[in-house]
Amino acid sequence: MEYISHSEKETSNVGYELASQLKPGNVIAMYGDLGAGKTAFVRGLAEGLGLDARVSSPTFTIVNEYLGKIPLFHFDMYRLGDADELFEIGWEDYITRGGICVVEWSENVEEAFYNDTIRIYIEKIDDFSRKIKIEFPA
């Protein structure tokens with residue numbers, strides 16, 4: 001699935017729409033440059049999951065937890081060197097807690113993902129527009 005977004009709100013709306021297709025235990029790997037809109041997408045995802053949370057980038061905390069009927073675990077791997085560091089902070093525990101795990105900067109921890117991972121690529125077209133590509137596992 002591909003979308004063209006022309007604003008932060010539209011990027012968030014794509015995340016909102018995706019939430020209806022998710023189930024507990026899903027893992028989402030996100031890819032995109034700094035400022036591409038990954039966190040805006042996650043804001044929409046949280047809203048679509050019915051979470052009343054102020055979603056922010058977990059760059060310095062590594063993971064933010066938003067609890068609700070289906071919890072959302074929002075990871076930012078920008079500061080991690082490899083998947084070993086992700087496993088050290090309890091990655092396997094998070095993926096078995098019955099929530100949705102969404103990971104920004106997934107390219108830094110690629111070896112932590114399984115074949116059932118949903119992949120989202122966000123590419124800047126210009127200052128406001130983004131191409132969002134969502135790949136579901138086969």
# chains A, B, ... in the order shown; residues from 1 in each chain; ligands from 1

$ select_by_dssp --residues "segment 98-136 of chain A" --states "helix (DSSP H, G or I)" --output "number ranges by chain"
A: 106-112

$ write_last_selection --atoms "all heavy atoms" --output "compact mmCIF listing (two decimals), in the first residue's frame"
# COMPACT_ATOMS: atom_id res chain seq x y z
N SER A 106 14.62 1.55 12.32
CA SER A 106 14.72 0.08 12.30
C SER A 106 15.95 -0.43 11.59
O SER A 106 16.41 -1.54 11.88
CB SER A 106 13.46 -0.50 11.64
OG SER A 106 12.35 -0.27 12.47
N GLU A 107 16.50 0.36 10.68
CA GLU A 107 17.69 -0.09 9.97
C GLU A 107 18.85 -0.36 10.92
O GLU A 107 19.76 -1.14 10.59
CB GLU A 107 18.10 0.90 8.87
CG GLU A 107 18.23 2.33 9.30
CD GLU A 107 16.94 3.14 9.22
OE1 GLU A 107 15.85 2.61 9.49
OE2 GLU A 107 17.04 4.34 8.90
N ASN A 108 18.83 0.23 12.11
CA ASN A 108 19.90 0.01 13.09
C ASN A 108 19.78 -1.31 13.83
O ASN A 108 20.74 -1.72 14.49
CB ASN A 108 19.93 1.16 14.11
CG ASN A 108 20.33 2.48 13.47
OD1 ASN A 108 20.82 2.52 12.35
ND2 ASN A 108 20.12 3.56 14.19
N VAL A 109 18.62 -1.96 13.75
CA VAL A 109 18.39 -3.21 14.51
C VAL A 109 17.68 -4.25 13.65
O VAL A 109 16.92 -5.07 14.15
CB VAL A 109 17.59 -2.93 15.81
CG1 VAL A 109 18.41 -2.10 16.79
CG2 VAL A 109 16.26 -2.26 15.51
N GLU A 110 17.94 -4.23 12.38
CA GLU A 110 17.23 -5.08 11.41
C GLU A 110 17.19 -6.55 11.82
O GLU A 110 16.18 -7.24 11.63
CB GLU A 110 17.89 -4.93 10.03
CG GLU A 110 17.12 -5.58 8.92
CD GLU A 110 15.78 -4.92 8.64
OE1 GLU A 110 15.71 -3.68 8.62
OE2 GLU A 110 14.79 -5.66 8.47
N GLU A 111 18.27 -7.05 12.40
CA GLU A 111 18.33 -8.48 12.74
C GLU A 111 17.42 -8.86 13.91
O GLU A 111 17.25 -10.03 14.20
CB GLU A 111 19.77 -8.93 12.99
CG GLU A 111 20.60 -8.11 13.94
CD GLU A 111 21.18 -6.82 13.37
OE1 GLU A 111 21.07 -6.51 12.17
OE2 GLU A 111 21.74 -6.08 14.17
N ALA A 112 16.74 -7.89 14.52
CA ALA A 112 15.81 -8.17 15.62
C ALA A 112 14.41 -8.53 15.11
O ALA A 112 13.57 -8.99 15.88
CB ALA A 112 15.71 -6.97 16.56

$ closest_atom_pairs --of "segment 67-91 of chain A" --to "segment 30-38 of chain A" --cutoff "10 Å" --atoms "only C-alpha atoms" --output "CSV"
residue,atom,partner,partner_atom,distance
A:Phe75,CA,A:Met30,CA,9.9
A:Asp76,CA,A:Met30,CA,9.6
A:Tyr78,CA,A:Leu34,CA,9.6

$ write_last_selection --atoms "N, CA and C atoms" --output "mmCIF file, in the first residue's frame"
data_model
loop_
_atom_site.group_PDB
_atom_site.id
_atom_site.type_symbol
_atom_site.label_atom_id
_atom_site.label_comp_id
_atom_site.auth_asym_id
_atom_site.auth_seq_id
_atom_site.Cartn_x
_atom_site.Cartn_y
_atom_site.Cartn_z
ATOM 1 N N PHE A 75 9.472 2.525 20.145
ATOM 2 C CA PHE A 75 10.930 2.484 20.266
ATOM 3 C C PHE A 75 11.578 3.453 19.288
ATOM 4 N N ASP A 76 12.705 4.017 19.693
ATOM 5 C CA ASP A 76 13.532 4.829 18.799
ATOM 6 C C ASP A 76 14.954 4.281 18.887
ATOM 7 N N TYR A 78 17.585 5.213 17.129
ATOM 8 C CA TYR A 78 18.574 6.131 16.570
ATOM 9 C C TYR A 78 19.898 6.073 17.319
#

$ residues_around --residues "Val102 of chain A" --least-positions-apart "5" --cutoff "7 Å" --atoms "only C-alpha atoms" --output "ChimeraX atom specification"
/A:27-29,73-75

$ write_last_selection --atoms "C-alpha atoms" --output "PDB file, in the first residue's frame"
ATOM      1  CA  VAL A  27       5.665  -5.482  15.217  1.00  0.00           C
ATOM      2  CA  ILE A  28       6.101  -2.475  12.930  1.00  0.00           C
ATOM      3  CA  ALA A  29       9.547  -1.514  11.632  1.00  0.00           C
ATOM      4  CA  PHE A  73       5.402   0.324  22.749  1.00  0.00           C
ATOM      5  CA  HIS A  74       7.191   3.034  20.761  1.00  0.00           C
ATOM      6  CA  PHE A  75      10.930   2.484  20.266  1.00  0.00           C
TER       7      PHE A  75
END

$ closest_residue --among "A:Tyr121, A:Phe60, A:Phe136, A:Tyr114" --to "Tyr3 of chain A" --atoms "only C-alpha atoms"
A:Tyr121

$ select_by_dssp --residues "chain A" --states "strand (DSSP E or B)" --output "PyMOL selection string"
chain A and resi 2-5+27-31+63-66+72-76+100-104+118-124+130-135

$ closest_residue --among "A:Arg79, A:Leu51, A:Gly98, A:Ile4" --to "Tyr66 of chain A" --atoms "only C-alpha atoms"
A:Leu51

$ closest_residue --among "A:Ile62, A:Leu22, A:Ala40, A:Val55" --to "Val103 of chain A" --atoms "only C-alpha atoms"
A:Ile62

$ atom_distance --atom1 "atom CA of Val42 of chain A" --atom2 "atom CA of Glu135 of chain A"
16.0 Å

$ atom_distance --atom1 "atom CA of Val14 of chain A" --atom2 "atom CA of Ser129 of chain A"
13.1 Å

$ atom_distance --atom1 "atom CA of Gly44 of chain A" --atom2 "atom CA of Ile132 of chain A"
13.6 Å

$ closest_residue --among "A:Asn26, A:Ser57, A:Asn64, A:Thr39" --to "Ile95 of chain A" --atoms "only C-alpha atoms"
A:Asn26

$ closest_residue --among "A:Gly99, A:Gly81, A:Pro24, A:Pro71" --to "Ala53 of chain A" --atoms "only C-alpha atoms"
A:Pro71

$ closest_residue --among "A:Ile118, A:Leu80, A:His6, A:Arg43" --to "Gln21 of chain A" --atoms "only C-alpha atoms"
A:Ile118

$ residues_around --residues "Arg130 of chain A" --least-positions-apart "5" --cutoff "7 Å" --atoms "only C-alpha atoms" --output "NGL selection string"
:A and (4-6 or 122-125)
